[in-house]
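Chemist: I have a structure I would like to understand better, so I am pasting it below and will then ask my questions one at a time.
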There are 2 protein chains.
Amino acid sequence: MGRKPQKNDSLPGSLDMLILRTLSLRDLHGYGIVQFIQQSSDNELLVEEGSLYPALQRLELNGWIDGAWGVTSNNRRARIYKITTTGRKQLAVESRKYAKLTLAIARVMGAE
Amino acid sequence: MGRKPQKNDSLPGSLDMLILRTLSLRDLHGYGIVQFIQQSSDNELLVEEGSLYPALQRLELNGWIDGAWGVTSNNRRARIYKITTTGRKQLAVESRKYAKLTLAIARVMGAE
DNA sequence: GAAATCACCTAGCGACGCGAGGGTTCGCCA
DNA sequence: TGGCGAACCCTCGCGTCGCTAGGTGATTTC
């Protein structure tokens, strides 16, 4: 059997970025976001539903995404989310911040 | 004036790794750990004392570091910490995990 | 001798992700 | 046809973590 996907426990804060990134590519419902992240991470990232839905509410509250009831390609009721203009800006901000942080950490991990 | 160092708020979990990494290079006291991380990260990472000391207790409880009262080169009383054998193993584990996670995140951030 | 620096510690708070639970609707197939 | 599993949504309570804000004391510097 394959490797077990990791929980995102170890990098809080990055979940918002991952969701925004996903929605920047296409409108999607919650369940689909989970699948996209899992697949595009090569089955290494697993987003629990107990993390996802609160995160979506958070993001919507901040005005970074917009949700509306719709129907999936499977003919199922679902809340379809799309990223807003502010959301795209936020994604850019978070990406930059994430890059700086990981670079800084890499420096420490490689320092003598 | 220069850039303000970032808080580590955005990457919880990585603090333990940074401390272990620092102590894997040399025995050090808390205050010195903060300075080392700040300097070796090019002044981008700032560890608050309110984060550091609880973290040190955590690590010691887990048996990953050992603390003992001593004296710094400045002739000041301080708790000198050193990494244990188990701590080095833990550092290796966390480093690998961190690398995998950031790689997975990078995949998602670069996916289409 | 006052102020700044070095050095340690704690309590309480807010944020986040998770586990566990509960719910509906659709499609499949025995 | 009726049962079951998958797709889909949601919430509550918990543990962990870093931060803010506060406090302590010793040593150097002016």
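Chains: A, B, ... in order of the structure tokens. Residues: from 1 per chain. Ligands: from 1, in order shown.
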Which residues of chain B are close to chain C, meaning at most 9 Å apart when you count only C-alpha atoms (C1' of nucleotides), and how do they look as an MDAnalysis selection string?
Modeler: chainID B and resid 29:31 50 53 74 76:79
Chemist: Store the residues of this selection in a file with N, CA and C atoms, as a PDB file, in the first residue's frame.
Modeler:
ATOM      1  N   HIS B  29      22.298  28.957  25.836  1.00  0.00           N
ATOM      2  CA  HIS B  29      21.201  29.310  26.744  1.00  0.00           C
ATOM      3  C   HIS B  29      20.092  29.964  25.937  1.00  0.00           C
ATOM      4  N   GLY B  30      18.929  30.068  26.543  1.00  0.00           N
ATOM      5  CA  GLY B  30      17.742  30.542  25.846  1.00  0.00           C
ATOM      6  C   GLY B  30      17.940  31.824  25.072  1.00  0.00           C
ATOM      7  N   TYR B  31      18.443  32.800  25.764  1.00  0.00           N
ATOM      8  CA  TYR B  31      18.642  34.099  25.142  1.00  0.00           C
ATOM      9  C   TYR B  31      19.557  33.988  23.920  1.00  0.00           C
ATOM     10  N   GLY B  50       8.183  34.633  25.141  1.00  0.00           N
ATOM     11  CA  GLY B  50       6.975  33.951  25.569  1.00  0.00           C
ATOM     12  C   GLY B  50       6.712  32.683  24.767  1.00  0.00           C
ATOM     13  N   TYR B  53      10.584  30.035  26.003  1.00  0.00           N
ATOM     14  CA  TYR B  53      10.745  29.302  27.253  1.00  0.00           C
ATOM     15  C   TYR B  53       9.759  28.149  27.395  1.00  0.00           C
ATOM     16  N   ASN B  74      29.552  35.993  29.347  1.00  0.00           N
ATOM     17  CA  ASN B  74      29.362  37.334  29.907  1.00  0.00           C
ATOM     18  C   ASN B  74      29.334  37.338  31.432  1.00  0.00           C
ATOM     19  N   ARG B  76      27.219  35.692  33.314  1.00  0.00           N
ATOM     20  CA  ARG B  76      25.844  35.799  33.794  1.00  0.00           C
ATOM     21  C   ARG B  76      25.262  34.421  34.033  1.00  0.00           C
ATOM     22  N   ARG B  77      24.425  34.337  35.022  1.00  0.00           N
ATOM     23  CA  ARG B  77      23.712  33.106  35.328  1.00  0.00           C
ATOM     24  C   ARG B  77      22.738  32.774  34.201  1.00  0.00           C
ATOM     25  N   ALA B  78      22.761  31.545  33.744  1.00  0.00           N
ATOM     26  CA  ALA B  78      21.848  31.181  32.663  1.00  0.00           C
ATOM     27  C   ALA B  78      21.671  29.674  32.626  1.00  0.00           C
ATOM     28  N   ARG B  79      20.554  29.267  32.050  1.00  0.00           N
ATOM     29  CA  ARG B  79      20.334  27.828  31.875  1.00  0.00           C
ATOM     30  C   ARG B  79      20.893  27.404  30.527  1.00  0.00           C
TER      31      ARG B  79
END
Chemist: Taking only C-alpha atoms into account, what are the residues of chain A at most 8 Å from chain B, put as a compact mmCIF listing (two decimals) with C-alpha atoms, in the first residue's frame?
Modeler:
# COMPACT_ATOMS: atom_id res chain seq x y z
CA SER A 10 2.47 20.81 11.08
CA LEU A 11 2.00 23.95 9.07
CA PRO A 12 -1.01 25.87 10.31
CA GLY A 13 -1.70 28.99 8.39
CA SER A 14 -0.77 27.36 5.14
CA LEU A 18 -3.67 26.30 -0.26
CA ARG A 21 -4.48 28.83 -4.51
CA THR A 22 -6.88 26.07 -5.48
CA LEU A 25 -7.40 28.02 -10.66
CA ILE A 37 -5.02 19.45 -2.82
CA SER A 40 -1.83 17.88 -6.80
CA SER A 41 0.37 17.23 -3.77
CA ASP A 42 0.96 13.73 -5.04
CA GLU A 44 0.88 13.74 0.48
CA LEU A 45 -1.46 16.39 1.82
CA LEU A 101 9.56 32.41 5.93
CA ALA A 104 14.56 32.18 6.48
CA ILE A 105 14.03 28.76 8.03
CA ARG A 107 18.93 29.64 6.27
CA VAL A 108 18.83 28.62 9.91
CA MET A 109 18.73 24.95 9.02
CA ALA A 111 23.70 27.80 9.09
CA GLU A 112 26.88 27.08 11.01
Chemist: Can you tell me how far atom C1' of D:DG22 sits from atom CA of B:Gly32, in Å to one decimal?
Modeler: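 Taking atom C1' of D:DG22 as the start and atom CA of B:Gly32 as the end point, the length is 22.2 Å.
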Chemist: At most 12 Å is the cut-off: for each residue in chain D with any atom that close to an atom of chain A, write down the nearest atom pair and the distance in Å rounded to one decimal, counting only C-alpha atoms (C1' of nucleotides), chain first then increasing number, as a Markdown table.
Modeler:
| residue | atom | partner | partner_atom | distance |
| --- | --- | --- | --- | --- |
| D:DA6 | C1' | A:Asn74 | CA | 11.6 |
| D:DA7 | C1' | A:Arg76 | CA | 7.7 |
| D:DC8 | C1' | A:Ala78 | CA | 6.4 |
| D:DC9 | C1' | A:Ala78 | CA | 7.7 |
| D:DC10 | C1' | A:Tyr53 | CA | 7.6 |
| D:DT11 | C1' | A:Gly50 | CA | 8.9 |
| D:DC12 | C1' | A:Gly50 | CA | 10.5 |
| D:DG13 | C1' | A:Gly50 | CA | 12.0 |
| D:DG15 | C1' | A:Asp9 | CA | 12.0 |
| D:DT16 | C1' | A:Asp9 | CA | 10.0 |
| D:DC17 | C1' | A:Pro12 | CA | 9.9 |
| D:DG18 | C1' | A:Pro12 | CA | 11.6 |
Chemist: Let me see the file: selected residues, N, CA and C atoms (P, O5', C5', C4', C3', O3' and C1' of nucleotides), as a PDB file, in the first residue's frame.
Modeler:
ATOM      1  P    DA D   6     -17.497   3.528  -0.283  1.00  0.00           P
ATOM      2  O5'  DA D   6     -17.512   4.842  -1.170  1.00  0.00           O
ATOM      3  C5'  DA D   6     -18.052   4.775  -2.483  1.00  0.00           C
ATOM      4  C4'  DA D   6     -18.725   6.080  -2.828  1.00  0.00           C
ATOM      5  C3'  DA D   6     -17.900   7.330  -2.494  1.00  0.00           C
ATOM      6  O3'  DA D   6     -17.892   8.132  -3.653  1.00  0.00           O
ATOM      7  C1'  DA D   6     -20.093   7.548  -1.633  1.00  0.00           C
ATOM      8  P    DA D   7     -16.804   9.255  -3.869  1.00  0.00           P
ATOM      9  O5'  DA D   7     -17.732  10.552  -3.767  1.00  0.00           O
ATOM     10  C5'  DA D   7     -18.711  10.761  -4.769  1.00  0.00           C
ATOM     11  C4'  DA D   7     -19.667  11.823  -4.333  1.00  0.00           C
ATOM     12  C3'  DA D   7     -19.029  13.176  -3.964  1.00  0.00           C
ATOM     13  O3'  DA D   7     -19.773  14.178  -4.620  1.00  0.00           O
ATOM     14  C1'  DA D   7     -20.473  12.474  -2.244  1.00  0.00           C
ATOM     15  P    DC D   8     -19.140  15.563  -4.837  1.00  0.00           P
ATOM     16  O5'  DC D   8     -19.372  16.260  -3.441  1.00  0.00           O
ATOM     17  C5'  DC D   8     -20.512  17.090  -3.299  1.00  0.00           C
ATOM     18  C4'  DC D   8     -20.946  17.238  -1.882  1.00  0.00           C
ATOM     19  C3'  DC D   8     -20.072  18.094  -0.969  1.00  0.00           C
ATOM     20  O3'  DC D   8     -20.318  19.472  -1.217  1.00  0.00           O
ATOM     21  C1'  DC D   8     -21.367  16.404   0.167  1.00  0.00           C
ATOM     22  P    DC D   9     -19.582  20.543  -0.342  1.00  0.00           P
ATOM     23  O5'  DC D   9     -20.434  20.560   1.000  1.00  0.00           O
ATOM     24  C5'  DC D   9     -21.767  21.038   0.969  1.00  0.00           C
ATOM     25  C4'  DC D   9     -22.369  20.974   2.338  1.00  0.00           C
ATOM     26  C3'  DC D   9     -21.605  21.800   3.379  1.00  0.00           C
ATOM     27  O3'  DC D   9     -22.328  22.978   3.703  1.00  0.00           O
ATOM     28  C1'  DC D   9     -22.241  19.629   4.216  1.00  0.00           C
ATOM     29  P    DC D  10     -21.566  24.098   4.576  1.00  0.00           P
ATOM     30  O5'  DC D  10     -21.709  23.586   6.079  1.00  0.00           O
ATOM     31  C5'  DC D  10     -23.003  23.404   6.631  1.00  0.00           C
ATOM     32  C4'  DC D  10     -22.889  22.750   7.989  1.00  0.00           C
ATOM     33  C3'  DC D  10     -21.968  23.476   8.967  1.00  0.00           C
ATOM     34  O3'  DC D  10     -22.763  24.248   9.855  1.00  0.00           O
ATOM     35  C1'  DC D  10     -21.792  21.086   9.109  1.00  0.00           C
ATOM     36  P    DT D  11     -22.059  25.196  10.921  1.00  0.00           P
ATOM     37  O5'  DT D  11     -22.009  24.361  12.273  1.00  0.00           O
ATOM     38  C5'  DT D  11     -23.036  23.422  12.565  1.00  0.00           C
ATOM     39  C4'  DT D  11     -22.666  22.732  13.859  1.00  0.00           C
ATOM     40  C3'  DT D  11     -21.870  23.605  14.824  1.00  0.00           C
ATOM     41  O3'  DT D  11     -22.338  23.355  16.137  1.00  0.00           O
ATOM     42  C1'  DT D  11     -20.651  21.635  14.327  1.00  0.00           C
ATOM     43  P    DC D  12     -22.071  24.433  17.293  1.00  0.00           P
ATOM     44  O5'  DC D  12     -21.373  23.504  18.385  1.00  0.00           O
ATOM     45  C5'  DC D  12     -21.955  22.228  18.652  1.00  0.00           C
ATOM     46  C4'  DC D  12     -20.988  21.384  19.457  1.00  0.00           C
ATOM     47  C3'  DC D  12     -20.156  22.183  20.471  1.00  0.00           C
ATOM     48  O3'  DC D  12     -20.083  21.447  21.681  1.00  0.00           O
ATOM     49  C1'  DC D  12     -18.723  21.009  18.988  1.00  0.00           C
ATOM     50  P    DG D  13     -19.663  22.228  23.039  1.00  0.00           P
ATOM     51  O5'  DG D  13     -18.397  21.373  23.491  1.00  0.00           O
ATOM     52  C5'  DG D  13     -18.346  19.982  23.194  1.00  0.00           C
ATOM     53  C4'  DG D  13     -16.920  19.500  23.234  1.00  0.00           C
ATOM     54  C3'  DG D  13     -16.031  20.268  24.218  1.00  0.00           C
ATOM     55  O3'  DG D  13     -15.200  19.328  24.876  1.00  0.00           O
ATOM     56  C1'  DG D  13     -15.094  20.381  22.070  1.00  0.00           C
ATOM     57  P    DG D  15      -8.059  18.044  26.209  1.00  0.00           P
ATOM     58  O5'  DG D  15      -6.832  18.269  25.221  1.00  0.00           O
ATOM     59  C5'  DG D  15      -6.597  17.339  24.165  1.00  0.00           C
ATOM     60  C4'  DG D  15      -5.485  17.862  23.288  1.00  0.00           C
ATOM     61  C3'  DG D  15      -4.314  18.465  24.073  1.00  0.00           C
ATOM     62  O3'  DG D  15      -3.113  17.975  23.514  1.00  0.00           O
ATOM     63  C1'  DG D  15      -5.234  20.082  22.570  1.00  0.00           C
ATOM     64  P    DT D  16      -1.714  18.456  24.114  1.00  0.00           P
ATOM     65  O5'  DT D  16      -1.199  19.503  23.029  1.00  0.00           O
ATOM     66  C5'  DT D  16      -1.348  19.186  21.660  1.00  0.00           C
ATOM     67  C4'  DT D  16      -0.902  20.359  20.833  1.00  0.00           C
ATOM     68  C3'  DT D  16       0.334  21.076  21.398  1.00  0.00           C
ATOM     69  O3'  DT D  16       1.267  21.206  20.356  1.00  0.00           O
ATOM     70  C1'  DT D  16      -1.415  22.627  20.981  1.00  0.00           C
ATOM     71  P    DC D  17       2.784  21.630  20.675  1.00  0.00           P
ATOM     72  O5'  DC D  17       2.810  23.141  20.187  1.00  0.00           O
ATOM     73  C5'  DC D  17       2.352  23.437  18.866  1.00  0.00           C
ATOM     74  C4'  DC D  17       2.094  24.907  18.762  1.00  0.00           C
ATOM     75  C3'  DC D  17       3.207  25.767  19.353  1.00  0.00           C
ATOM     76  O3'  DC D  17       3.826  26.470  18.293  1.00  0.00           O
ATOM     77  C1'  DC D  17       1.043  26.554  19.985  1.00  0.00           C
ATOM     78  P    DG D  18       5.310  27.062  18.512  1.00  0.00           P
ATOM     79  O5'  DG D  18       5.023  28.623  18.538  1.00  0.00           O
ATOM     80  C5'  DG D  18       4.360  29.237  17.447  1.00  0.00           C
ATOM     81  C4'  DG D  18       3.777  30.555  17.891  1.00  0.00           C
ATOM     82  C3'  DG D  18       4.778  31.489  18.575  1.00  0.00           C
ATOM     83  O3'  DG D  18       4.837  32.697  17.833  1.00  0.00           O
ATOM     84  C1'  DG D  18       2.775  31.258  19.870  1.00  0.00           C
TER      85       DG D  18
END
Chemist: Using DSSP assignments from the backbone, pull out every residue in stretch 32-111 of chain B that falls under strand (DSSP E or B) and give it to me as a list in words.
Modeler: Leu45, Leu46, Ile65, Asp66, Gly67, Ala68, Trp69, Gly70, Val71, Arg77, Ala78, Arg79, Ile80, Tyr81, Lys82 and Ile83 of chain B
Chemist: Next, write the just-selected residues to a file, as a compact mmCIF listing (two decimals), in the first residue's frame, keeping C-alpha atoms as the atom set.
Modeler:
# COMPACT_ATOMS: atom_id res chain seq x y z
CA LEU B 45 13.04 35.36 12.23
CA LEU B 46 12.19 36.68 15.65
CA ILE B 65 17.31 18.58 25.33
CA ASP B 66 18.94 18.84 28.74
CA GLY B 67 19.17 22.06 30.71
CA ALA B 68 21.49 22.94 33.57
CA TRP B 69 22.33 26.14 35.36
CA GLY B 70 25.64 27.60 34.36
CA VAL B 71 27.40 30.80 33.47
CA ARG B 77 23.71 33.11 35.33
CA ALA B 78 21.85 31.18 32.66
CA ARG B 79 20.33 27.83 31.87
CA ILE B 80 22.58 26.12 29.37
CA TYR B 81 20.83 23.64 27.11
CA LYS B 82 22.34 20.79 25.18
CA ILE B 83 20.71 18.42 22.74
Chemist: Using DSSP secondary structure from the backbone, list all alpha helix (DSSP H) positions within stretch 23-107 of chain B, as a PyMOL selection string.
Modeler: chain B and resi 23-25+30-40+49-61+85-107
Chemist: In Å, rounded to a single decimal, give me how far atom CA of B:Leu61 is from atom CA of B:Asp27.
Modeler: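 Pair atom CA of B:Asp27 / atom CA of B:Leu61 returns 17.6 Å.
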